[in-house]
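Please read the structure below before turning to the comments.
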Amino acid sequence: MTSNNEVFPKVEPKEDKLYRVAEAAFGLFPAGQVVLQSLITPPIQKRTEKWINETERRLSELEESGEIDVQALIENEAFSALVLKCIQSVATTSQEEKLNYLRNFVISIAKLPNFEEDEVYILFGILNEFTPSHIMAVNFYCYPDLYSDKISGLSPIAPKASQHQGGELAQVFGGDPEFWQSIYSTASGKFVVSFQTVLVKCNETTKKKISGKGTELGFKLLKLIFD
């Protein structure tokens with residue numbers, strides 16, 4: 001029998017509270033709930049349906065090519081839970097790059113016959129928190145050779161940065177060094193990059209140091225989210 005606490009919880013869920021606060025704020029205007037729903041519901045539904053349809057199409061293609069067994073995935077509770085987590089993340093982001101990363105993450109896990117559940121959930125948690133800028137930084141320090149031309153032009157002193165990583169990333173990708181230092185700090189806090197210095201060969205005569213290095217966890221994340 002369902003308890004009163006389940007139907008009327010003593011502690012209001014955070015999601016309900018946020019919705020109630022937003023609803024109250026919009027309620028100050030005559031449009032009220034209509035405005036809130038028109039701002040939130042259609043974009044979320046459209047984005048989520050598009051993501052699900054594309055992911056389903058990719059999974060069907062893999063099944064047709066014999067790479068996966070969809071029925072086995074359906075019966076895999078861990079995989080189903082992961083897909084649900086990704087769909088929830090899709091509903092809260094509008095960044096196209098991140099939507100693609102989430103889709104690739106599901107597809108990659110679908111192709112792993114016996115994935116380690118804890119590790120996959122940890123990697124998903126990192127991806128869920130990261131923005132495309134975080135992924136750019138991780139990719140830079142995991143695969144610096146891809147950026148050898150830009151690394152060759154790095155100035156020896158990181159401009160306006162309290163630490164070198166922000167200056168390096170700002171020179172490579174553009175933008176404010178402090179912004180990129182914040183991005184790097186978050187990535188290092190998730191142990192996908194380290195502070196180890198790496199010597200990069202830019203050309204036959206030039207080698208330059210960069211102030212970070214991708215970790216094993218970082219390489220695993222990138223492998224799951226890129227085609």
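Every chain in the structure tokens takes a letter, A first, then B, and so on in the order presented; its residues are numbered from 1, and the ligands are numbered from 1 following the presented order.
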Notebook entry, point to check: Got a sec: who's within 9 Å of Lys201 (chain A), counting only C-alpha atoms, leaving out chain neighbours fewer than 5 positions off, as a list of chain:residue names?
Noted result: A:Asp145, A:Ser148, A:Ser152, A:Thr206, A:Lys207, A:Lys208, A:Lys209
Please produce a file of the residues just selected, as a compact mmCIF listing (two decimals), in the first residue's frame, where the atoms kept are N, CA and C atoms.
```txt
# COMPACT_ATOMS: atom_id res chain seq x y z
N ASP A 145 49.33 16.44 -30.49
CA ASP A 145 49.92 16.42 -31.83
C ASP A 145 48.93 16.94 -32.88
N SER A 148 49.61 20.71 -33.26
CA SER A 148 51.03 21.07 -33.29
C SER A 148 51.28 22.44 -33.94
N SER A 152 53.02 25.43 -31.83
CA SER A 152 54.29 26.03 -32.25
C SER A 152 54.26 27.54 -32.11
N THR A 206 61.35 22.15 -34.11
CA THR A 206 60.73 22.85 -32.98
C THR A 206 59.98 21.90 -32.06
N LYS A 207 60.27 21.99 -30.77
CA LYS A 207 59.53 21.27 -29.75
C LYS A 207 59.12 22.28 -28.68
N LYS A 208 57.88 22.15 -28.20
CA LYS A 208 57.40 23.06 -27.17
C LYS A 208 56.68 22.30 -26.08
N LYS A 209 56.75 22.85 -24.88
CA LYS A 209 56.10 22.22 -23.73
C LYS A 209 54.68 22.76 -23.56
```
Notebook entry, point to check: Neighbours of region 66-81 of chain A within 8 Å (only C-alpha atoms; same-chain residues fewer than 6 positions away dropped), as a PyMOL selection string?
Noted result: chain A and resi 59-60+109-111+117
Next item on the list: Measure the distance from CA of Leu84 (chain A) to CA of Asn139 (chain A) in Å and round it to one decimal.
Entry: 26.5 Å
Write out as a PDB file with N, CA and C atoms, in the first residue's frame the residues lying within 9 Å of region 213-225 of chain A, counting only C-alpha atoms and excluding same-chain residues fewer than 6 positions away.
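Contents of out_3.pdb, as written:
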```
ATOM      1  N   ASN A 100      25.352  15.411 -29.474  1.00  0.00           N
ATOM      2  CA  ASN A 100      26.062  14.393 -30.263  1.00  0.00           C
ATOM      3  C   ASN A 100      26.933  13.517 -29.369  1.00  0.00           C
ATOM      4  N   TYR A 101      27.594  14.135 -28.389  1.00  0.00           N
ATOM      5  CA  TYR A 101      28.421  13.358 -27.465  1.00  0.00           C
ATOM      6  C   TYR A 101      27.568  12.342 -26.703  1.00  0.00           C
ATOM      7  N   LEU A 102      26.404  12.757 -26.250  1.00  0.00           N
ATOM      8  CA  LEU A 102      25.513  11.858 -25.506  1.00  0.00           C
ATOM      9  C   LEU A 102      25.045  10.712 -26.385  1.00  0.00           C
ATOM     10  N   ARG A 103      24.730  11.018 -27.634  1.00  0.00           N
ATOM     11  CA  ARG A 103      24.295   9.967 -28.559  1.00  0.00           C
ATOM     12  C   ARG A 103      25.440   8.977 -28.810  1.00  0.00           C
ATOM     13  N   ASN A 104      26.627   9.501 -29.074  1.00  0.00           N
ATOM     14  CA  ASN A 104      27.772   8.629 -29.325  1.00  0.00           C
ATOM     15  C   ASN A 104      28.102   7.783 -28.100  1.00  0.00           C
ATOM     16  N   PHE A 105      27.891   8.359 -26.919  1.00  0.00           N
ATOM     17  CA  PHE A 105      28.141   7.633 -25.673  1.00  0.00           C
ATOM     18  C   PHE A 105      27.250   6.394 -25.598  1.00  0.00           C
ATOM     19  N   VAL A 106      25.962   6.563 -25.877  1.00  0.00           N
ATOM     20  CA  VAL A 106      25.022   5.432 -25.859  1.00  0.00           C
ATOM     21  C   VAL A 106      25.411   4.396 -26.905  1.00  0.00           C
ATOM     22  N   ILE A 107      25.734   4.864 -28.114  1.00  0.00           N
ATOM     23  CA  ILE A 107      26.097   3.942 -29.201  1.00  0.00           C
ATOM     24  C   ILE A 107      27.355   3.159 -28.842  1.00  0.00           C
ATOM     25  N   SER A 108      28.343   3.841 -28.279  1.00  0.00           N
ATOM     26  CA  SER A 108      29.601   3.176 -27.915  1.00  0.00           C
ATOM     27  C   SER A 108      29.380   2.117 -26.851  1.00  0.00           C
ATOM     28  N   ILE A 109      28.580   2.440 -25.828  1.00  0.00           N
ATOM     29  CA  ILE A 109      28.314   1.478 -24.761  1.00  0.00           C
ATOM     30  C   ILE A 109      27.523   0.294 -25.299  1.00  0.00           C
ATOM     31  N   LEU A 123      31.908   7.878 -15.944  1.00  0.00           N
ATOM     32  CA  LEU A 123      32.178   8.595 -17.186  1.00  0.00           C
ATOM     33  C   LEU A 123      30.958   9.400 -17.630  1.00  0.00           C
ATOM     34  N   PHE A 124      29.781   8.818 -17.454  1.00  0.00           N
ATOM     35  CA  PHE A 124      28.567   9.569 -17.797  1.00  0.00           C
ATOM     36  C   PHE A 124      28.431  10.807 -16.905  1.00  0.00           C
ATOM     37  N   ILE A 126      30.736  12.568 -15.611  1.00  0.00           N
ATOM     38  CA  ILE A 126      31.677  13.578 -16.102  1.00  0.00           C
ATOM     39  C   ILE A 126      31.114  14.247 -17.353  1.00  0.00           C
ATOM     40  N   LEU A 127      30.657  13.436 -18.292  1.00  0.00           N
ATOM     41  CA  LEU A 127      30.097  13.976 -19.534  1.00  0.00           C
ATOM     42  C   LEU A 127      28.890  14.855 -19.250  1.00  0.00           C
ATOM     43  N   ILE A 135      35.365  19.419 -23.223  1.00  0.00           N
ATOM     44  CA  ILE A 135      35.806  18.340 -24.117  1.00  0.00           C
ATOM     45  C   ILE A 135      36.936  18.828 -25.015  1.00  0.00           C
ATOM     46  N   VAL A 138      40.093  18.723 -22.919  1.00  0.00           N
ATOM     47  CA  VAL A 138      40.544  17.338 -22.703  1.00  0.00           C
ATOM     48  C   VAL A 138      41.168  16.783 -23.977  1.00  0.00           C
ATOM     49  N   ASN A 139      40.546  17.057 -25.110  1.00  0.00           N
ATOM     50  CA  ASN A 139      41.063  16.560 -26.390  1.00  0.00           C
ATOM     51  C   ASN A 139      42.436  17.169 -26.689  1.00  0.00           C
ATOM     52  N   PHE A 140      42.598  18.443 -26.349  1.00  0.00           N
ATOM     53  CA  PHE A 140      43.871  19.123 -26.579  1.00  0.00           C
ATOM     54  C   PHE A 140      44.992  18.457 -25.798  1.00  0.00           C
ATOM     55  N   TYR A 141      44.758  18.159 -24.523  1.00  0.00           N
ATOM     56  CA  TYR A 141      45.821  17.580 -23.700  1.00  0.00           C
ATOM     57  C   TYR A 141      45.972  16.073 -23.876  1.00  0.00           C
ATOM     58  N   CYS A 142      44.975  15.420 -24.439  1.00  0.00           N
ATOM     59  CA  CYS A 142      45.111  13.993 -24.756  1.00  0.00           C
ATOM     60  C   CYS A 142      45.812  13.789 -26.104  1.00  0.00           C
ATOM     61  N   TYR A 143      45.495  14.674 -27.051  1.00  0.00           N
ATOM     62  CA  TYR A 143      46.047  14.534 -28.401  1.00  0.00           C
ATOM     63  C   TYR A 143      46.690  15.845 -28.860  1.00  0.00           C
ATOM     64  N   PRO A 144      47.757  16.277 -28.193  1.00  0.00           N
ATOM     65  CA  PRO A 144      48.381  17.562 -28.547  1.00  0.00           C
ATOM     66  C   PRO A 144      48.963  17.594 -29.948  1.00  0.00           C
ATOM     67  N   ALA A 187      38.177  20.057 -15.305  1.00  0.00           N
ATOM     68  CA  ALA A 187      38.612  18.813 -15.945  1.00  0.00           C
ATOM     69  C   ALA A 187      39.635  18.077 -15.087  1.00  0.00           C
ATOM     70  N   LYS A 190      38.147  16.252 -12.216  1.00  0.00           N
ATOM     71  CA  LYS A 190      37.509  14.990 -12.586  1.00  0.00           C
ATOM     72  C   LYS A 190      38.541  13.946 -13.025  1.00  0.00           C
ATOM     73  N   PHE A 191      39.829  14.296 -12.946  1.00  0.00           N
ATOM     74  CA  PHE A 191      40.943  13.386 -13.239  1.00  0.00           C
ATOM     75  C   PHE A 191      40.957  12.887 -14.684  1.00  0.00           C
ATOM     76  N   VAL A 192      40.507  13.743 -15.601  1.00  0.00           N
ATOM     77  CA  VAL A 192      40.619  13.389 -17.022  1.00  0.00           C
ATOM     78  C   VAL A 192      41.824  14.073 -17.663  1.00  0.00           C
ATOM     79  N   VAL A 193      42.421  15.021 -16.951  1.00  0.00           N
ATOM     80  CA  VAL A 193      43.695  15.620 -17.348  1.00  0.00           C
ATOM     81  C   VAL A 193      44.538  15.781 -16.087  1.00  0.00           C
ATOM     82  N   SER A 194      45.865  15.849 -16.283  1.00  0.00           N
ATOM     83  CA  SER A 194      46.774  16.036 -15.148  1.00  0.00           C
ATOM     84  C   SER A 194      47.631  17.275 -15.399  1.00  0.00           C
ATOM     85  N   PHE A 195      48.417  17.650 -14.392  1.00  0.00           N
ATOM     86  CA  PHE A 195      49.278  18.828 -14.515  1.00  0.00           C
ATOM     87  C   PHE A 195      50.674  18.476 -15.044  1.00  0.00           C
ATOM     88  N   GLN A 196      50.836  17.268 -15.518  1.00  0.00           N
ATOM     89  CA  GLN A 196      52.141  16.836 -16.022  1.00  0.00           C
ATOM     90  C   GLN A 196      52.516  17.590 -17.292  1.00  0.00           C
ATOM     91  N   THR A 197      53.747  18.072 -17.356  1.00  0.00           N
ATOM     92  CA  THR A 197      54.236  18.786 -18.534  1.00  0.00           C
ATOM     93  C   THR A 197      54.576  17.806 -19.652  1.00  0.00           C
ATOM     94  N   VAL A 198      54.226  18.165 -20.880  1.00  0.00           N
ATOM     95  CA  VAL A 198      54.472  17.305 -22.039  1.00  0.00           C
ATOM     96  C   VAL A 198      55.232  18.091 -23.101  1.00  0.00           C
TER      97      VAL A 198
END
```
Note to self: So the first atom is CA of Phe226 (chain A) and the second is CA of Pro113 (chain A); what is the distance between them in Å, to one decimal place?
What the structure shows: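 Going from CA of Phe226 (chain A) over to CA of Pro113 (chain A), I get 18.8 Å.
The closest residue to Lys98 (chain A), picked from A:Tyr147, A:Phe173, A:Phe130, A:Tyr184 and counting only C-alpha atoms, is A:Phe130.
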Next item on the list: If you run DSSP over the backbone, which residues in region 142-208 of chain A end up helix (DSSP H, G or I)? Put them as an MDAnalysis selection string.
Entry: chainID A and resid 142 144:152 164:173 177:189
Next item on the list: Can you work out the spacing between CA of Ser155 (chain A) and CA of Thr186 (chain A) in Å, to one decimal?
Entry: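 Spanning CA of Ser155 (chain A) to CA of Thr186 (chain A) is a straight-line distance of 24.0 Å.
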Note to self: Going by DSSP on the backbone, which residues of region 41-210 of chain A come out as strand (DSSP E)? List them as JSON, numbers by chain.
What the structure shows: {"A": [193, 194, 198, 199, 200, 201, 207, 208, 209, 210]}
